[in-house]
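Data from upload35.cif: mmCIF, C-alpha atoms and all ligand atoms
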data_model
#
loop_
_atom_site.label_atom_id
_atom_site.label_comp_id
_atom_site.auth_asym_id
_atom_site.auth_seq_id
_atom_site.Cartn_x
_atom_site.Cartn_y
_atom_site.Cartn_z
CA MET A 317 0.00 0.00 0.00
CA ARG A 318 2.92 2.37 0.55
CA ARG A 319 4.85 2.59 -2.71
CA PRO A 320 8.54 1.86 -2.12
CA LEU A 321 11.01 4.68 -2.77
CA ILE A 322 14.76 4.78 -3.25
CA ALA A 323 16.49 8.14 -3.39
CA GLY A 324 20.15 8.76 -4.17
CA ASN A 325 21.69 11.71 -2.34
CA TRP A 326 24.81 12.56 -4.30
CA LYS A 327 25.81 15.18 -1.71
CA MET A 328 28.67 17.47 -2.86
CA ASN A 329 29.90 15.04 -5.49
CA THR A 330 29.99 15.12 -9.31
CA THR A 331 30.68 17.98 -11.68
CA VAL A 332 27.92 18.71 -14.19
CA GLY A 333 29.68 16.47 -16.70
CA GLU A 334 30.13 13.65 -14.21
CA ALA A 335 26.49 13.94 -13.12
CA ALA A 336 25.36 13.58 -16.73
CA THR A 337 27.54 10.51 -17.20
CA LEU A 338 26.30 8.92 -13.98
CA VAL A 339 22.62 9.38 -14.81
CA LYS A 340 23.15 8.09 -18.36
CA ASP A 341 24.87 5.02 -16.92
CA MET A 342 21.84 4.25 -14.75
CA LEU A 343 18.83 5.46 -16.65
CA SER A 344 17.76 2.52 -18.76
CA ALA A 345 18.25 -0.03 -15.97
CA LEU A 346 16.44 2.17 -13.43
CA SER A 347 13.60 2.82 -15.87
CA ALA A 348 13.09 -0.90 -16.32
CA VAL A 349 12.19 -1.49 -12.65
CA ASN A 350 8.48 -1.09 -11.91
CA GLY A 351 6.43 -0.42 -8.81
CA ILE A 352 8.97 1.81 -7.09
CA ASP A 353 9.80 5.53 -7.01
CA ARG A 354 13.42 6.22 -8.07
CA ILE A 355 14.79 9.66 -7.28
CA LEU A 356 18.19 11.17 -8.06
CA CYS A 357 19.37 14.16 -6.01
CA PRO A 358 22.40 15.76 -7.66
CA PRO A 359 23.98 19.08 -6.63
CA PHE A 360 21.97 22.23 -7.54
CA ILE A 361 24.09 23.09 -10.56
CA SER A 362 23.38 19.69 -12.14
CA LEU A 363 19.62 19.70 -11.59
CA GLN A 364 18.84 21.15 -15.01
CA ARG A 365 21.09 18.72 -16.85
CA VAL A 366 19.92 15.66 -14.93
CA SER A 367 16.25 16.70 -15.30
CA ASP A 368 16.73 17.06 -19.07
CA ILE A 369 18.29 13.59 -19.30
CA VAL A 370 15.57 11.80 -17.29
CA LYS A 371 12.72 13.65 -19.03
CA GLY A 372 10.19 11.21 -20.46
CA SER A 373 11.38 8.40 -18.16
CA SER A 374 9.87 7.34 -14.84
CA VAL A 375 13.00 8.41 -12.93
CA GLU A 376 12.53 11.59 -10.89
CA VAL A 377 14.81 14.29 -9.55
CA GLY A 378 15.24 16.00 -6.19
CA ALA A 379 17.34 18.80 -4.72
CA GLN A 380 19.42 18.45 -1.56
CA ASN A 381 18.46 21.68 0.20
CA MET A 382 16.57 24.94 -0.28
CA TYR A 383 16.04 28.30 1.41
CA PHE A 384 12.61 29.10 2.84
CA LYS A 385 11.99 32.41 1.04
CA ASP A 386 10.63 32.53 -2.50
CA LYS A 387 12.98 35.32 -3.63
CA GLY A 388 14.97 38.31 -2.48
CA ALA A 389 18.35 39.50 -1.23
CA PHE A 390 19.70 36.18 0.04
CA THR A 391 23.01 35.87 -1.77
CA GLY A 392 23.92 32.33 -2.66
CA GLU A 393 20.59 30.76 -1.77
CA ILE A 394 18.15 28.77 -3.91
CA SER A 395 14.39 29.17 -3.55
CA PRO A 396 11.44 26.77 -3.73
CA LEU A 397 10.16 28.54 -6.86
CA MET A 398 13.49 28.00 -8.61
CA LEU A 399 13.47 24.32 -7.73
CA LYS A 400 9.87 23.82 -8.75
CA GLU A 401 10.84 24.25 -12.43
CA LEU A 402 13.58 21.66 -12.16
CA CYS A 403 12.54 18.89 -9.79
CA LYS A 404 9.73 17.33 -7.78
CA TYR A 405 11.45 16.49 -4.47
CA VAL A 406 13.72 18.29 -2.03
CA ILE A 407 15.76 16.79 0.82
CA LEU A 408 15.36 18.97 3.93
CA GLY A 409 16.98 18.84 7.35
CA HIS A 410 19.76 16.46 6.41
CA SER A 411 22.05 15.90 9.41
CA GLU A 412 24.98 17.38 7.47
CA ARG A 413 22.96 20.59 7.10
CA ARG A 414 22.15 20.54 10.81
CA GLN A 415 25.75 19.72 11.78
CA PHE A 416 27.77 21.96 9.45
CA PHE A 417 25.36 24.72 8.42
CA GLY A 418 23.50 25.51 11.62
CA GLU A 419 20.07 24.19 10.65
CA THR A 420 17.65 23.72 13.52
CA ASP A 421 14.17 22.27 13.97
CA GLU A 422 12.90 25.84 13.46
CA THR A 423 14.66 26.45 10.14
CA VAL A 424 13.79 22.96 8.93
CA ASN A 425 10.15 23.68 9.83
CA ALA A 426 10.25 26.92 7.81
CA LYS A 427 11.77 25.05 4.87
CA LEU A 428 9.19 22.26 5.03
CA LYS A 429 6.37 24.83 4.99
CA ALA A 430 7.91 26.70 2.06
CA ALA A 431 8.52 23.52 0.05
CA LEU A 432 4.96 22.29 0.52
CA ALA A 433 3.56 25.73 -0.33
CA ALA A 434 5.51 25.63 -3.60
CA GLY A 435 4.28 22.12 -4.43
CA LEU A 436 7.61 20.40 -3.82
CA LEU A 437 7.63 17.06 -1.99
CA PRO A 438 10.02 17.15 0.96
CA ILE A 439 12.20 14.26 2.05
CA PHE A 440 12.39 15.31 5.69
CA CYS A 441 15.51 13.93 7.42
CA ILE A 442 15.81 13.17 11.11
CA GLY A 443 18.30 11.17 13.16
CA GLU A 444 20.18 11.07 16.43
CA SER A 445 23.94 11.48 16.93
CA LEU A 446 26.21 8.81 18.37
CA GLU A 447 26.37 10.65 21.67
CA GLU A 448 22.58 10.91 21.86
CA ASN A 449 22.24 7.27 20.93
CA GLU A 450 24.70 6.12 23.58
CA ALA A 451 22.99 8.27 26.19
CA GLY A 452 19.69 6.47 25.45
CA ARG A 453 18.13 9.66 24.08
CA THR A 454 17.24 8.43 20.58
CA LYS A 455 13.46 8.49 21.05
CA ASP A 456 13.48 11.91 22.72
CA ILE A 457 15.56 13.40 19.91
CA LEU A 458 13.46 11.89 17.15
CA ALA A 459 10.19 12.94 18.79
CA ARG A 460 11.57 16.48 19.14
CA GLN A 461 12.71 16.57 15.52
CA VAL A 462 9.38 15.26 14.19
CA THR A 463 7.26 17.55 16.38
CA GLY A 464 9.45 20.61 15.79
CA GLY A 465 9.89 20.01 12.08
CA LEU A 466 6.18 19.53 11.47
CA LYS A 467 4.93 22.33 13.73
CA GLU A 468 1.85 24.02 12.22
CA ILE A 469 2.00 21.79 9.14
CA ALA A 470 -1.25 20.05 8.20
CA ALA A 471 -1.31 16.26 7.85
CA ASN A 472 0.11 15.37 4.44
CA LYS A 473 0.40 11.83 3.07
CA ASP A 474 2.88 12.92 0.41
CA LEU A 475 5.60 13.88 2.86
CA VAL A 476 8.52 11.45 2.96
CA ILE A 477 10.57 11.00 6.14
CA ALA A 478 14.14 9.67 6.15
CA TYR A 479 15.51 8.25 9.39
CA GLU A 480 19.28 8.59 9.21
CA PRO A 481 21.15 7.90 12.45
CA VAL A 482 24.15 10.22 12.26
CA TRP A 483 26.50 7.50 13.48
CA ALA A 484 25.59 5.36 10.46
CA ILE A 485 26.15 8.01 7.77
CA GLY A 486 29.26 7.48 5.69
CA THR A 487 30.79 5.31 8.39
CA GLY A 488 30.14 1.86 6.94
CA LYS A 489 28.42 1.09 10.27
CA ALA A 490 24.79 0.72 9.25
CA ALA A 491 22.10 0.11 11.85
CA THR A 492 20.75 -3.43 11.86
CA GLY A 493 17.46 -4.00 10.06
CA ASP A 494 15.85 -4.79 13.38
CA GLN A 495 17.12 -1.59 15.05
CA ALA A 496 16.07 0.58 12.13
CA GLY A 497 12.70 -1.18 11.84
CA GLN A 498 11.89 -0.60 15.51
CA THR A 499 13.00 3.02 15.42
CA ILE A 500 10.98 3.69 12.30
CA ALA A 501 7.91 2.09 13.92
CA PHE A 502 8.44 4.59 16.77
CA ILE A 503 8.67 7.46 14.26
CA ARG A 504 5.40 6.31 12.67
CA ASN A 505 3.71 6.27 16.09
CA THR A 506 5.02 9.75 16.80
CA LEU A 507 3.65 10.89 13.46
CA ALA A 508 0.27 9.39 14.36
CA SER A 509 0.16 11.51 17.50
CA VAL A 510 1.36 14.68 15.75
CA TRP A 511 -1.03 14.21 12.79
CA ASN A 512 -3.34 11.18 12.80
CA ASN A 513 -3.04 7.43 12.42
CA GLU A 514 -4.41 7.24 8.88
CA THR A 515 -1.85 9.72 7.57
CA ALA A 516 0.94 8.12 9.59
CA GLN A 517 0.19 4.75 7.97
CA SER A 518 0.43 6.34 4.50
CA VAL A 519 3.60 8.39 4.89
CA ARG A 520 6.68 6.69 3.53
CA ILE A 521 9.58 6.40 5.95
CA LEU A 522 13.04 5.58 4.62
CA TYR A 523 16.19 4.34 6.30
CA GLY A 524 19.52 5.99 5.47
CA GLY A 525 23.09 5.39 6.63
CA SER A 526 25.66 3.16 4.92
CA VAL A 527 23.06 1.44 2.74
CA THR A 528 24.63 -0.76 0.06
CA SER A 529 23.50 -3.47 -2.32
CA ALA A 530 24.83 -5.96 0.27
CA ASN A 531 22.61 -4.80 3.15
CA ILE A 532 19.52 -3.23 1.53
CA ALA A 533 17.50 -6.47 1.80
CA GLU A 534 17.84 -6.41 5.59
CA PHE A 535 16.19 -2.99 5.80
CA ILE A 536 13.58 -3.45 3.14
CA SER A 537 12.38 -6.70 4.73
CA GLU A 538 11.18 -4.65 7.72
CA PRO A 539 7.48 -3.85 7.35
CA HIS A 540 7.79 -0.23 8.51
CA ILE A 541 10.73 0.62 6.22
CA ASP A 542 9.50 1.81 2.83
CA GLY A 543 12.80 2.48 1.11
CA ALA A 544 16.19 4.10 1.53
CA LEU A 545 18.05 7.38 1.20
CA VAL A 546 21.38 6.27 -0.20
CA GLY A 547 24.58 8.34 -0.09
CA GLY A 548 27.88 6.78 -1.17
CA ALA A 549 26.37 3.79 -2.97
CA SER A 550 24.19 6.07 -5.12
CA LEU A 551 27.35 7.34 -6.84
CA LYS A 552 28.04 3.88 -8.27
CA ALA A 553 25.60 3.05 -11.06
CA ALA A 554 25.70 -0.73 -10.61
CA ASP A 555 25.21 -0.55 -6.83
CA PHE A 556 22.34 1.90 -7.04
CA ILE A 557 20.56 -0.13 -9.72
CA GLU A 558 20.94 -3.25 -7.59
CA ILE A 559 19.51 -1.47 -4.51
CA VAL A 560 16.49 -0.39 -6.55
CA ARG A 561 16.00 -3.87 -8.03
CA GLN A 562 16.19 -5.64 -4.67
CA THR A 563 13.80 -3.17 -3.08
CA ALA A 564 11.22 -3.56 -5.83
CA ALA A 565 11.51 -7.37 -5.69
CA ILE A 566 11.17 -7.59 -1.89
CA LYS A 567 8.30 -5.10 -1.61
CA GLN A 568 6.32 -6.63 -4.51
P1 LIG B 1 25.82 7.07 3.18
O1 LIG B 1 24.91 6.14 2.42
O2 LIG B 1 27.02 7.49 2.38
O3 LIG B 1 26.11 6.58 4.55
O4 LIG B 1 24.99 8.45 3.35
C1 LIG B 1 23.70 8.38 3.84
C2 LIG B 1 23.07 9.70 3.70
O5 LIG B 1 23.41 10.64 4.42
C3 LIG B 1 22.05 9.87 2.67
O6 LIG B 1 21.40 11.10 2.81
#

When written as structure tokens, how does the structure in this file appear?
Ligand code: 13P
Amino acid sequence: MRRPLIAGNWKMNTTVGEAATLVKDMLSALSAVNGIDRILCPPFISLQRVSDIVKGSSVEVGAQNMYFKDKGAFTGEISPLMLKELCKYVILGHSERRQFFGETDETVNAKLKAALAAGLLPIFCIGESLEENEAGRTKDILARQVTGGLKEIAANKDLVIAYEPVWAIGTGKAATGDQAGQTIAFIRNTLASVWNNETAQSVRILYGGSVTSANIAEFISEPHIDGALVGGASLKAADFIEIVRQTAAIKQ
């Protein structure tokens, strides 16, 4: 009932030329997999090129960030209206944005509101740090991030949430399927109390953090996990294709 979704977050990797090569290397194989949303999130400057290449296919495009104003004197920023012409999705609140660029639950909330108002579909990222995890604060942190991020936002089945424990990102130390499945079940319950149960059952929740073609099956086999937000492995065409194929096969 929840359509599976795999998104590739290329982060600050690929020049425009490299992005074009990467998407061309993946496109026909990705297009051939049915019953699953496949989203590529290149850097801003490659959005136009990647969108042009995937046009007419079932592969979709997302941005990695966005400012919350539609236009104005905000040197260096990119607005929801600019993205709307180029892509359908936008990743918001990624832990790297929170960690290195000062994003907070408040700014992520403003961005989520602005994205939805512009008709973009947010991939809203949450996750606890290693320190928070070891201190047994995971649930408190996630509840705070969900509640704060979604403050004054009406229930919306199209929102996508990505649970990415910070200690699992880029470290090669993925959570276990069981750990991620239980935590995502908790996130869904939190969402049911913030919004309502019907919406919470419809929202897709992804796992992210050191996902590869070797471990994707473990996550996707969990009933509450609807897909993955993939970093490093999304930069390798063969790995990303395999992650998409396995997900579609398991969730069929
Ligand atoms: P890795 O898959 O490289 O651990 O990155 C995960 C991530 O942050 C995706 O947004």

Next on the checklist: When you look at A:Gln461 with a cut-off of 9 Å (counting all atoms listed in the file), what residues show up, excluding the ones that are within fewer than 6 positions of it in the same chain? I need them as a list in words.
Outcome noted: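 My reading of the contact set: Thr420, Asp421, Cys441, Ile442 and Gly443 of chain A.
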
Checklist entry - Within 7 Å of ligand LIG 1 (chain B), counting all atoms listed in the file: which residues, as a list in words? => result Asn325, His410, Glu480, Ala484, Ile485, Gly486, Thr487, Gly488, Gly524, Gly525, Ser526, Val527, Leu545, Val546, Gly547, Gly548 and Ala549 of chain A

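Minimum atom-to-atom distances from A:Lys340, A:Lys552, A:Arg520, A:Lys400 to A:Pro539 were compared using only C-alpha atoms, and the lowest value belongs to A:Arg520.
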
Checklist entry - Do you have the atom CA of A:Ile322-atom CA of A:Ala544 distance handy? => result 5.0 Å

Next on the checklist: If I take atom CA of A:Ser395 and atom CA of A:Met342, how far is one from the other in Å, to one decimal?
Outcome noted: 28.3 Å

Next on the checklist: Between atom CA of A:Gly493 and atom CA of A:Pro359, what is the distance in Å, rounded to a tenth?
Outcome noted: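 We find that atom CA of A:Gly493 and atom CA of A:Pro359 lie 29.2 Å from each other.
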
Next on the checklist: Taking 5 positions as the minimum chain separation for residues in the same chain, which residues sit within 9 Å of stretch 422-433 of chain A when counting only C-alpha atoms? Answer as a ChimeraX atom specification.
Outcome noted: /A:381-386,395-397,400,405-406,408-409,414,438,440,464-469,475

Next on the checklist: Nearest residue to A:Arg354 out of A:Arg319, A:Arg460, A:Arg453, A:Arg504, using all atoms listed in the file?
Outcome noted: A:Arg319

Item to check | Closest of A:His540, A:Lys387, A:Lys489, A:Arg318 to A:Lys473 - atom-to-atom distances counting only C-alpha atoms | outcome: A:Arg318

Checklist entry - Which residue gives the smallest distance to A:Tyr479 among A:Ser374, A:Gln517, A:Ser411, A:Asn531, with all atoms listed in the file counted? => result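 Using all atoms listed in the file, A:Tyr479 sits closest to A:Ser411.
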
Item to check | Nearest to A:Ala564, chosen from A:Asp353, A:Asp368, A:Asp494, A:Glu401, with all atoms listed in the file counted in the distances | outcome: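 Using all atoms listed in the file, the shortest distance to A:Ala564 belongs to A:Asp353.
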
Go ahead and find all residues with at least one atom no further than 10 Å from (17.6, 13.0, 18.4) in the file's coordinates, using only C-alpha atoms; report them as an mmCIF file with C-alpha atoms, in the coordinates of the input.
data_model
loop_
_atom_site.group_PDB
_atom_site.id
_atom_site.type_symbol
_atom_site.label_atom_id
_atom_site.label_comp_id
_atom_site.auth_asym_id
_atom_site.auth_seq_id
_atom_site.Cartn_x
_atom_site.Cartn_y
_atom_site.Cartn_z
ATOM 1 C CA ILE A 442 15.810 13.170 11.110
ATOM 2 C CA GLY A 443 18.300 11.170 13.160
ATOM 3 C CA GLU A 444 20.180 11.070 16.430
ATOM 4 C CA SER A 445 23.940 11.480 16.930
ATOM 5 C CA LEU A 446 26.210 8.810 18.370
ATOM 6 C CA GLU A 447 26.370 10.650 21.670
ATOM 7 C CA GLU A 448 22.580 10.910 21.860
ATOM 8 C CA ASN A 449 22.240 7.270 20.930
ATOM 9 C CA GLY A 452 19.690 6.470 25.450
ATOM 10 C CA ARG A 453 18.130 9.660 24.080
ATOM 11 C CA THR A 454 17.240 8.430 20.580
ATOM 12 C CA LYS A 455 13.460 8.490 21.050
ATOM 13 C CA ASP A 456 13.480 11.910 22.720
ATOM 14 C CA ILE A 457 15.560 13.400 19.910
ATOM 15 C CA LEU A 458 13.460 11.890 17.150
ATOM 16 C CA ALA A 459 10.190 12.940 18.790
ATOM 17 C CA ARG A 460 11.570 16.480 19.140
ATOM 18 C CA GLN A 461 12.710 16.570 15.520
ATOM 19 C CA VAL A 462 9.380 15.260 14.190
ATOM 20 C CA PRO A 481 21.150 7.900 12.450
ATOM 21 C CA VAL A 482 24.150 10.220 12.260
#

Checklist entry - Using only C-alpha atoms, what residues lie at most 10 Å away from (0.2, 7.4, 5.2) (file coordinates), given as a ChimeraX atom specification? => result /A:317-318,471-476,504,507-508,512-521

Next on the checklist: Env of A:Ala530: 10 Å cut, atoms = only C-alpha atoms, seq-sep filter 5 positions within chain, self excluded. Answer as number ranges by chain.
Outcome noted: A: 555, 558-559, 562

If I wrap all listed atoms of stretch 370-379 of chain A in a box with edges along x, y and z and add 4 Å on each side, what are its centre and edge lengths in Å to one decimal, as lines of an AutoDock Vina configuration file?
center_x = 13.6
center_y = 13.1
center_z = -12.6
size_x = 15.5
size_y = 19.5
size_z = 23.7

Next on the checklist: Ranking A:Thr337, A:Thr391, A:Gln415, A:Ser529 by minimum distance to A:Ile369 and counting all atoms listed in the file, which one comes first?
Outcome noted: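 Once distances to A:Ile369 are computed over all atoms listed in the file, the minimum belongs to A:Thr337.
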
Next on the checklist: Would you pick out the contacts of A:Ala335 at 10 Å or less, using only C-alpha atoms, so that residues sharing its chain but fewer than 5 positions from it are not included, and give the list as number ranges by chain?
Outcome noted: A: 326, 329-330, 340-341, 358-359, 361-363, 365-366, 551
